[in-house]
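What follows is a single structure, written as structure tokens, with notes after it.
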Amino acid sequence: QARLRNIPAFTYQSGLDEQYLRKLNITQRLQRVTETGGLELHYQPQSCLSTRKIVGVEALLRWNDPELGPVFPDEFIPLAEETGTISSLTQWVLNQALNDIKALALDYRLAMVSINLSANDLLDATMIQKLLAAQLSIAGSATQLEFEITETALVQDADTAVHHLHQMESAGIGLAMDDFGTGYSSLSQLKRLPVSKLKIDKSFVLSLVDDADDQSIVKATIAMAKALSLKVIAEGVENQVSAQLLQQWGCDVMQGYYLAKPMPLNRLIQWLKEYNE
Ligand code: C2E
Ligand code: CA
Ligand code: CA
Ligand code: CA
């Protein structure tokens with residue numbers, strides 16, 4: 001009887017433990033993932049809304065762990081950031097992207113590959129040196145590197161972040177403000193940053209067709225970006241009507257399932273060939 005009474009409490013407890021153990025497990029397996037394997041880089045195309053030409057791809061990390069199965073970046077990136085393994089992941093992504101750019105050059109002249117940077121990366125002088133070296137290594141290539149940054153680094157240490165962004169800009173690296181509208185994005189902040197592109201977060205774009213508030217926000221964001229001479233890209237474009245609205249409001253580039261989902265390099269090469277036929 002005593003055992004039976006204990007069951008509910010035990011189950012409740014074990015629910016919490018499971019969550020905690022998963023985090024712990026992910027964190028530990030992340031620490032060695034660049035050696036043990038399971039990481040893959042996928043690419044999602046971006047097209048110019050007026051010409052429909054492919055202007056670049058965003059590199060998105062995928063992780064299929066032999067024990068945990070597929071783990072999505074929304075779960076493991078924040079943990080990697082908390083526990084400091086993010087810089088080894090960023091390094092892996094950068095190396096993989098540089099290799100893929102070389103493979104891609106054999107078939108196709110892709111203008112740009114965009115890589116996500118975490119706040120930790122942007123505040124890390126050693127990482128910035130690696131990014132500058134990467135830029136030098138592809139100087140003559142048809143494909144240029146771009147980095148997508150968020151406001152998080154600016155909130156933590158604006159002076160260091162701005163200094164590093166200027167170093168990157170001077171080296172000819174393209175910079176985009178990611179997830180615009182979601183964090184602490186402020187217009188005055190945006191004005192003092194050397195970014196040339198603003199990326200409207202998918203949370204404002206996914207239900208654009210039915211949501212009047214999202215329409216107002218997106219329209220105003222595009223107008224503001226134009227006033228600051230920034231290029232605008234919308235992510236999360238899932239249908240033709242959204243694409244039409246965005247084009248009508250002056251948005252430059254779209255990314256989303258309507259065009260293509262993220263895919264591995266070999267599929268991307270095939271996709272680009274077919275798209276251009
Ligand atoms: P993000 O940078 O905002 O990337 C866009 C996310 O939206 C991606 O999710 C992409 O697959 C998804 N997406 C694109 N088009 C659509 C669409 O039409 N509909 C819907 N519902 N979703 C769409 P993903 O690949 O799961 O990545 C999630 C987040 O994880 C990224 O958000 C980024 O913050 C982070 N992340 C991914 N790869 C990296 C990386 O290599 N480094 C860093 N630091 N962060 C990464
Ligand atoms: Ca991004
Ligand atoms: Ca986003
Ligand atoms: Ca993001």
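Letters A, B, ... go to the chains of the structure tokens in the order shown; residues in each chain start at 1; ligands are counted from 1 in the same order.
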Please identify the residues whose atoms come within 12 Å of ligand 3, using only C-alpha atoms and all ligand atoms, and report them as a PDB file with C-alpha atoms, in the first residue's frame.
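Resulting contents of out_29.pdb:
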```
ATOM      1  CA  GLU A  58      21.023  30.533 -45.363  1.00  0.00           C
ATOM      2  CA  LEU A  60      21.060  26.008 -40.963  1.00  0.00           C
ATOM      3  CA  PRO A  73      18.384  23.863 -33.326  1.00  0.00           C
ATOM      4  CA  ASP A  74      15.710  25.690 -31.317  1.00  0.00           C
ATOM      5  CA  ASN A 116      24.067  32.538 -38.132  1.00  0.00           C
ATOM      6  CA  GLU A 148      23.273  37.043 -39.496  1.00  0.00           C
ATOM      7  CA  ILE A 149      23.440  38.638 -36.075  1.00  0.00           C
ATOM      8  CA  THR A 150      20.873  39.382 -33.386  1.00  0.00           C
ATOM      9  CA  ALA A 176      22.291  41.141 -41.677  1.00  0.00           C
ATOM     10  CA  MET A 177      20.205  41.913 -38.592  1.00  0.00           C
ATOM     11  CA  ASP A 178      18.317  38.681 -37.872  1.00  0.00           C
ATOM     12  CA  ASP A 179      14.985  38.116 -36.076  1.00  0.00           C
ATOM     13  CA  PHE A 180      14.139  41.779 -36.413  1.00  0.00           C
ATOM     14  CA  GLY A 181      11.276  42.872 -34.192  1.00  0.00           C
ATOM     15  CA  THR A 182      11.502  40.022 -31.688  1.00  0.00           C
ATOM     16  CA  GLY A 183      14.142  41.063 -29.159  1.00  0.00           C
ATOM     17  CA  LEU A 198      17.356  43.565 -42.136  1.00  0.00           C
ATOM     18  CA  LYS A 199      15.623  40.238 -41.774  1.00  0.00           C
ATOM     19  CA  ILE A 200      11.968  40.320 -40.700  1.00  0.00           C
ATOM     20  CA  ASP A 201      11.300  37.446 -38.322  1.00  0.00           C
ATOM     21  CA  LYS A 202       8.961  34.679 -39.425  1.00  0.00           C
ATOM     22  CA  SER A 203       6.667  35.289 -36.442  1.00  0.00           C
ATOM     23  CA  PHE A 204       5.380  38.377 -38.306  1.00  0.00           C
ATOM     24  CA  VAL A 205       5.265  36.682 -41.686  1.00  0.00           C
ATOM     25  CA  LEU A 206       3.750  33.217 -41.138  1.00  0.00           C
ATOM     26  CA  ILE A 233      14.390  40.116 -46.428  1.00  0.00           C
ATOM     27  CA  ALA A 234      11.331  38.319 -45.072  1.00  0.00           C
ATOM     28  CA  GLU A 235      11.623  34.774 -43.699  1.00  0.00           C
ATOM     29  CA  GLY A 236       8.765  32.331 -43.182  1.00  0.00           C
ATOM     30  CA  VAL A 237       7.070  33.033 -46.521  1.00  0.00           C
ATOM     31  CA  GLN A 255      12.911  32.985 -47.823  1.00  0.00           C
ATOM     32  CA  GLY A 256      10.440  30.301 -46.841  1.00  0.00           C
TER      33      GLY A 256
END
```
Run DSSP on the backbone and give me the residues of region 25-274 of chain A it puts in strand (DSSP E), as a PDB file with N, CA and C atoms, in the first residue's frame.
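Writing the result to part-v5.pdb gives the following:
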```pdb
ATOM      1  N   LEU A  39      26.474  16.004 -37.138  1.00  0.00           N
ATOM      2  CA  LEU A  39      26.073  17.348 -37.581  1.00  0.00           C
ATOM      3  C   LEU A  39      25.987  17.384 -39.097  1.00  0.00           C
ATOM      4  N   GLU A  40      25.040  18.164 -39.586  1.00  0.00           N
ATOM      5  CA  GLU A  40      24.919  18.359 -41.026  1.00  0.00           C
ATOM      6  C   GLU A  40      24.479  19.802 -41.266  1.00  0.00           C
ATOM      7  N   LEU A  41      24.961  20.374 -42.360  1.00  0.00           N
ATOM      8  CA  LEU A  41      24.562  21.740 -42.675  1.00  0.00           C
ATOM      9  C   LEU A  41      23.548  21.706 -43.824  1.00  0.00           C
ATOM     10  N   HIS A  42      22.406  22.308 -43.593  1.00  0.00           N
ATOM     11  CA  HIS A  42      21.402  22.411 -44.643  1.00  0.00           C
ATOM     12  C   HIS A  42      21.360  23.856 -45.142  1.00  0.00           C
ATOM     13  N   TYR A  43      20.791  24.026 -46.328  1.00  0.00           N
ATOM     14  CA  TYR A  43      20.769  25.357 -46.943  1.00  0.00           C
ATOM     15  C   TYR A  43      19.380  25.678 -47.435  1.00  0.00           C
ATOM     16  N   GLN A  44      18.918  26.886 -47.123  1.00  0.00           N
ATOM     17  CA  GLN A  44      17.598  27.318 -47.592  1.00  0.00           C
ATOM     18  C   GLN A  44      17.748  28.511 -48.538  1.00  0.00           C
ATOM     19  N   PRO A  45      17.257  28.361 -49.775  1.00  0.00           N
ATOM     20  CA  PRO A  45      17.413  29.417 -50.780  1.00  0.00           C
ATOM     21  C   PRO A  45      16.622  30.690 -50.452  1.00  0.00           C
ATOM     22  N   GLN A  46      17.119  31.792 -50.969  1.00  0.00           N
ATOM     23  CA  GLN A  46      16.450  33.093 -50.862  1.00  0.00           C
ATOM     24  C   GLN A  46      16.338  33.659 -52.271  1.00  0.00           C
ATOM     25  N   SER A  47      15.157  34.203 -52.605  1.00  0.00           N
ATOM     26  CA  SER A  47      15.020  34.746 -53.964  1.00  0.00           C
ATOM     27  C   SER A  47      14.592  36.205 -53.936  1.00  0.00           C
ATOM     28  N   CYS A  48      15.046  36.923 -54.966  1.00  0.00           N
ATOM     29  CA  CYS A  48      14.653  38.319 -55.160  1.00  0.00           C
ATOM     30  C   CYS A  48      13.173  38.332 -55.531  1.00  0.00           C
ATOM     31  N   ILE A  54      17.754  33.630 -57.574  1.00  0.00           N
ATOM     32  CA  ILE A  54      18.280  33.195 -56.286  1.00  0.00           C
ATOM     33  C   ILE A  54      19.455  34.091 -55.923  1.00  0.00           C
ATOM     34  N   VAL A  55      19.335  34.746 -54.750  1.00  0.00           N
ATOM     35  CA  VAL A  55      20.386  35.689 -54.360  1.00  0.00           C
ATOM     36  C   VAL A  55      21.311  35.105 -53.299  1.00  0.00           C
ATOM     37  N   GLY A  56      20.901  33.996 -52.680  1.00  0.00           N
ATOM     38  CA  GLY A  56      21.759  33.399 -51.665  1.00  0.00           C
ATOM     39  C   GLY A  56      21.061  32.258 -50.958  1.00  0.00           C
ATOM     40  N   VAL A  57      21.756  31.670 -49.991  1.00  0.00           N
ATOM     41  CA  VAL A  57      21.161  30.619 -49.150  1.00  0.00           C
ATOM     42  C   VAL A  57      21.549  30.879 -47.694  1.00  0.00           C
ATOM     43  N   GLU A  58      20.665  30.485 -46.783  1.00  0.00           N
ATOM     44  CA  GLU A  58      21.023  30.533 -45.363  1.00  0.00           C
ATOM     45  C   GLU A  58      21.447  29.139 -44.906  1.00  0.00           C
ATOM     46  N   ALA A  59      22.587  29.059 -44.221  1.00  0.00           N
ATOM     47  CA  ALA A  59      23.069  27.790 -43.679  1.00  0.00           C
ATOM     48  C   ALA A  59      22.384  27.535 -42.345  1.00  0.00           C
ATOM     49  N   LEU A  60      21.762  26.358 -42.203  1.00  0.00           N
ATOM     50  CA  LEU A  60      21.060  26.008 -40.963  1.00  0.00           C
ATOM     51  C   LEU A  60      21.543  24.655 -40.459  1.00  0.00           C
ATOM     52  N   LEU A  61      21.917  24.626 -39.199  1.00  0.00           N
ATOM     53  CA  LEU A  61      22.536  23.447 -38.610  1.00  0.00           C
ATOM     54  C   LEU A  61      21.491  22.363 -38.322  1.00  0.00           C
ATOM     55  N   ARG A  62      21.859  21.116 -38.620  1.00  0.00           N
ATOM     56  CA  ARG A  62      21.021  19.962 -38.278  1.00  0.00           C
ATOM     57  C   ARG A  62      21.858  18.982 -37.485  1.00  0.00           C
ATOM     58  N   TRP A  63      21.223  18.343 -36.498  1.00  0.00           N
ATOM     59  CA  TRP A  63      21.954  17.407 -35.647  1.00  0.00           C
ATOM     60  C   TRP A  63      21.144  16.127 -35.481  1.00  0.00           C
ATOM     61  N   ASN A  64      21.713  15.026 -35.963  1.00  0.00           N
ATOM     62  CA  ASN A  64      21.086  13.723 -35.773  1.00  0.00           C
ATOM     63  C   ASN A  64      22.019  12.890 -34.907  1.00  0.00           C
ATOM     64  N   ASP A  65      21.662  12.758 -33.636  1.00  0.00           N
ATOM     65  CA  ASP A  65      22.519  12.054 -32.688  1.00  0.00           C
ATOM     66  C   ASP A  65      22.138  10.574 -32.649  1.00  0.00           C
ATOM     67  N   GLY A  69      18.549  10.809 -31.434  1.00  0.00           N
ATOM     68  CA  GLY A  69      17.792  11.028 -32.667  1.00  0.00           C
ATOM     69  C   GLY A  69      17.961  12.472 -33.109  1.00  0.00           C
ATOM     70  N   PRO A  70      17.085  12.946 -34.024  1.00  0.00           N
ATOM     71  CA  PRO A  70      17.224  14.327 -34.482  1.00  0.00           C
ATOM     72  C   PRO A  70      16.886  15.317 -33.358  1.00  0.00           C
ATOM     73  N   VAL A  71      17.759  16.266 -33.143  1.00  0.00           N
ATOM     74  CA  VAL A  71      17.502  17.331 -32.167  1.00  0.00           C
ATOM     75  C   VAL A  71      17.469  18.635 -32.958  1.00  0.00           C
ATOM     76  N   MET A 112      25.822  34.075 -52.531  1.00  0.00           N
ATOM     77  CA  MET A 112      26.014  34.318 -51.105  1.00  0.00           C
ATOM     78  C   MET A 112      25.592  33.139 -50.233  1.00  0.00           C
ATOM     79  N   VAL A 113      26.375  32.874 -49.202  1.00  0.00           N
ATOM     80  CA  VAL A 113      25.993  31.925 -48.154  1.00  0.00           C
ATOM     81  C   VAL A 113      25.960  32.695 -46.835  1.00  0.00           C
ATOM     82  N   SER A 114      24.836  32.599 -46.154  1.00  0.00           N
ATOM     83  CA  SER A 114      24.631  33.354 -44.924  1.00  0.00           C
ATOM     84  C   SER A 114      24.710  32.421 -43.711  1.00  0.00           C
ATOM     85  N   ILE A 115      25.481  32.823 -42.712  1.00  0.00           N
ATOM     86  CA  ILE A 115      25.717  31.990 -41.526  1.00  0.00           C
ATOM     87  C   ILE A 115      25.226  32.711 -40.276  1.00  0.00           C
ATOM     88  N   ASN A 116      24.571  31.952 -39.386  1.00  0.00           N
ATOM     89  CA  ASN A 116      24.067  32.538 -38.132  1.00  0.00           C
ATOM     90  C   ASN A 116      25.176  32.642 -37.094  1.00  0.00           C
ATOM     91  N   GLN A 144      30.019  34.840 -51.765  1.00  0.00           N
ATOM     92  CA  GLN A 144      30.435  35.663 -50.641  1.00  0.00           C
ATOM     93  C   GLN A 144      29.804  35.175 -49.336  1.00  0.00           C
ATOM     94  N   LEU A 145      30.468  35.491 -48.234  1.00  0.00           N
ATOM     95  CA  LEU A 145      29.940  35.135 -46.916  1.00  0.00           C
ATOM     96  C   LEU A 145      29.130  36.295 -46.352  1.00  0.00           C
ATOM     97  N   GLU A 146      28.055  35.928 -45.667  1.00  0.00           N
ATOM     98  CA  GLU A 146      27.305  36.939 -44.920  1.00  0.00           C
ATOM     99  C   GLU A 146      27.047  36.362 -43.538  1.00  0.00           C
ATOM    100  N   PHE A 147      26.949  37.214 -42.534  1.00  0.00           N
ATOM    101  CA  PHE A 147      26.637  36.728 -41.195  1.00  0.00           C
ATOM    102  C   PHE A 147      25.356  37.378 -40.692  1.00  0.00           C
ATOM    103  N   GLU A 148      24.521  36.549 -40.073  1.00  0.00           N
ATOM    104  CA  GLU A 148      23.273  37.043 -39.496  1.00  0.00           C
ATOM    105  C   GLU A 148      23.475  37.185 -37.991  1.00  0.00           C
ATOM    106  N   ILE A 149      23.230  38.368 -37.499  1.00  0.00           N
ATOM    107  CA  ILE A 149      23.440  38.638 -36.075  1.00  0.00           C
ATOM    108  C   ILE A 149      22.119  39.057 -35.424  1.00  0.00           C
ATOM    109  N   GLY A 174      29.379  40.803 -45.532  1.00  0.00           N
ATOM    110  CA  GLY A 174      28.003  41.271 -45.460  1.00  0.00           C
ATOM    111  C   GLY A 174      27.393  40.940 -44.100  1.00  0.00           C
ATOM    112  N   LEU A 175      26.599  41.870 -43.570  1.00  0.00           N
ATOM    113  CA  LEU A 175      25.989  41.657 -42.255  1.00  0.00           C
ATOM    114  C   LEU A 175      24.490  41.912 -42.303  1.00  0.00           C
ATOM    115  N   ALA A 176      23.741  40.992 -41.716  1.00  0.00           N
ATOM    116  CA  ALA A 176      22.291  41.141 -41.677  1.00  0.00           C
ATOM    117  C   ALA A 176      21.802  41.097 -40.235  1.00  0.00           C
ATOM    118  N   MET A 177      20.837  41.943 -39.910  1.00  0.00           N
ATOM    119  CA  MET A 177      20.205  41.913 -38.592  1.00  0.00           C
ATOM    120  C   MET A 177      19.080  40.884 -38.634  1.00  0.00           C
ATOM    121  N   ASP A 178      19.246  39.814 -37.848  1.00  0.00           N
ATOM    122  CA  ASP A 178      18.317  38.681 -37.872  1.00  0.00           C
ATOM    123  C   ASP A 178      17.176  38.892 -36.868  1.00  0.00           C
ATOM    124  N   ASP A 179      16.091  38.143 -37.042  1.00  0.00           N
ATOM    125  CA  ASP A 179      14.985  38.116 -36.076  1.00  0.00           C
ATOM    126  C   ASP A 179      14.475  39.499 -35.741  1.00  0.00           C
ATOM    127  N   PHE A 180      14.478  40.393 -36.732  1.00  0.00           N
ATOM    128  CA  PHE A 180      14.139  41.779 -36.413  1.00  0.00           C
ATOM    129  C   PHE A 180      12.721  41.893 -35.873  1.00  0.00           C
ATOM    130  N   LYS A 197      21.493  44.798 -44.185  1.00  0.00           N
ATOM    131  CA  LYS A 197      20.281  44.037 -44.447  1.00  0.00           C
ATOM    132  C   LYS A 197      19.506  43.820 -43.164  1.00  0.00           C
ATOM    133  N   LEU A 198      18.205  43.809 -43.285  1.00  0.00           N
ATOM    134  CA  LEU A 198      17.356  43.565 -42.136  1.00  0.00           C
ATOM    135  C   LEU A 198      16.445  42.380 -42.459  1.00  0.00           C
ATOM    136  N   LYS A 199      16.408  41.437 -41.535  1.00  0.00           N
ATOM    137  CA  LYS A 199      15.623  40.238 -41.774  1.00  0.00           C
ATOM    138  C   LYS A 199      14.389  40.239 -40.882  1.00  0.00           C
ATOM    139  N   ILE A 200      13.214  40.303 -41.474  1.00  0.00           N
ATOM    140  CA  ILE A 200      11.968  40.320 -40.700  1.00  0.00           C
ATOM    141  C   ILE A 200      11.683  38.906 -40.208  1.00  0.00           C
ATOM    142  N   LYS A 231      18.616  46.789 -47.153  1.00  0.00           N
ATOM    143  CA  LYS A 231      17.880  45.779 -47.905  1.00  0.00           C
ATOM    144  C   LYS A 231      17.000  45.008 -46.912  1.00  0.00           C
ATOM    145  N   VAL A 232      15.816  44.562 -47.363  1.00  0.00           N
ATOM    146  CA  VAL A 232      14.913  43.844 -46.470  1.00  0.00           C
ATOM    147  C   VAL A 232      14.633  42.442 -46.990  1.00  0.00           C
ATOM    148  N   ILE A 233      14.742  41.486 -46.077  1.00  0.00           N
ATOM    149  CA  ILE A 233      14.390  40.116 -46.428  1.00  0.00           C
ATOM    150  C   ILE A 233      13.351  39.611 -45.433  1.00  0.00           C
ATOM    151  N   ALA A 234      12.353  38.903 -45.942  1.00  0.00           N
ATOM    152  CA  ALA A 234      11.331  38.319 -45.072  1.00  0.00           C
ATOM    153  C   ALA A 234      11.523  36.811 -45.035  1.00  0.00           C
ATOM    154  N   VAL A 253      13.727  40.609 -50.714  1.00  0.00           N
ATOM    155  CA  VAL A 253      14.065  39.183 -50.823  1.00  0.00           C
ATOM    156  C   VAL A 253      13.127  38.357 -49.950  1.00  0.00           C
ATOM    157  N   MET A 254      12.832  37.133 -50.403  1.00  0.00           N
ATOM    158  CA  MET A 254      12.039  36.230 -49.558  1.00  0.00           C
ATOM    159  C   MET A 254      12.759  34.908 -49.338  1.00  0.00           C
ATOM    160  N   MET A 263      17.760  22.260 -47.179  1.00  0.00           N
ATOM    161  CA  MET A 263      18.122  20.954 -47.743  1.00  0.00           C
ATOM    162  C   MET A 263      19.633  20.767 -47.737  1.00  0.00           C
ATOM    163  N   PRO A 264      20.080  19.497 -47.763  1.00  0.00           N
ATOM    164  CA  PRO A 264      21.522  19.250 -47.779  1.00  0.00           C
ATOM    165  C   PRO A 264      22.155  19.719 -49.092  1.00  0.00           C
TER     166      PRO A 264
END
```
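For the set A:Leu117, A:Leu49, A:Leu110, A:Val162, the residue with the smallest atom-to-atom gap to ligand 2 is A:Leu117, counting only C-alpha atoms and all ligand atoms.
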- Step one, run DSSP on the backbone; step two, keep only residues of region 7-244 of chain A assigned to helix (DSSP H, G or I); then write them as number ranges by chain. A: 7-31, 33-36, 73-83, 86-107, 119-122, 125-137, 152-170, 187-191, 202-204, 212-227, 240-244
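Closest approach to ligand 4 from the set A:Leu21, A:Met224, A:Ala119, A:Ala142 is made by A:Ala119, with distances taken over only C-alpha atoms and all ligand atoms.
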- Task: Excluding Ala227 (chain A) and residues on its chain fewer than 4 positions from it, collect all residues at most 12 Å away from it, counting only C-alpha atoms, and give them as a VMD selection string.
- Result: chain A and resid 187 190 to 191 220 to 223 231 to 232 250
Could the residues in this selection be saved with C-alpha atoms as a PDB file, in the first residue's frame?
```
ATOM      1  CA  LEU A 187      15.907  51.943 -34.169  1.00  0.00           C
ATOM      2  CA  LEU A 190      20.119  49.898 -35.891  1.00  0.00           C
ATOM      3  CA  LYS A 191      21.344  53.283 -37.082  1.00  0.00           C
ATOM      4  CA  ALA A 220       6.114  49.714 -41.394  1.00  0.00           C
ATOM      5  CA  THR A 221       9.318  47.692 -40.966  1.00  0.00           C
ATOM      6  CA  ILE A 222       9.924  47.636 -44.713  1.00  0.00           C
ATOM      7  CA  ALA A 223       9.334  51.403 -44.956  1.00  0.00           C
ATOM      8  CA  LYS A 231      17.880  45.779 -47.905  1.00  0.00           C
ATOM      9  CA  VAL A 232      14.913  43.844 -46.470  1.00  0.00           C
ATOM     10  CA  GLY A 250       8.814  46.921 -51.366  1.00  0.00           C
TER      11      GLY A 250
END
```
- Message: Restricting the calculation to only C-alpha atoms: of A:Asp124, A:Asp213, A:Glu238, A:Glu67, which residue gets closest to Ile86 (chain A)?
- Response: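 The closest residue to Ile86 (chain A) is A:Asp124.
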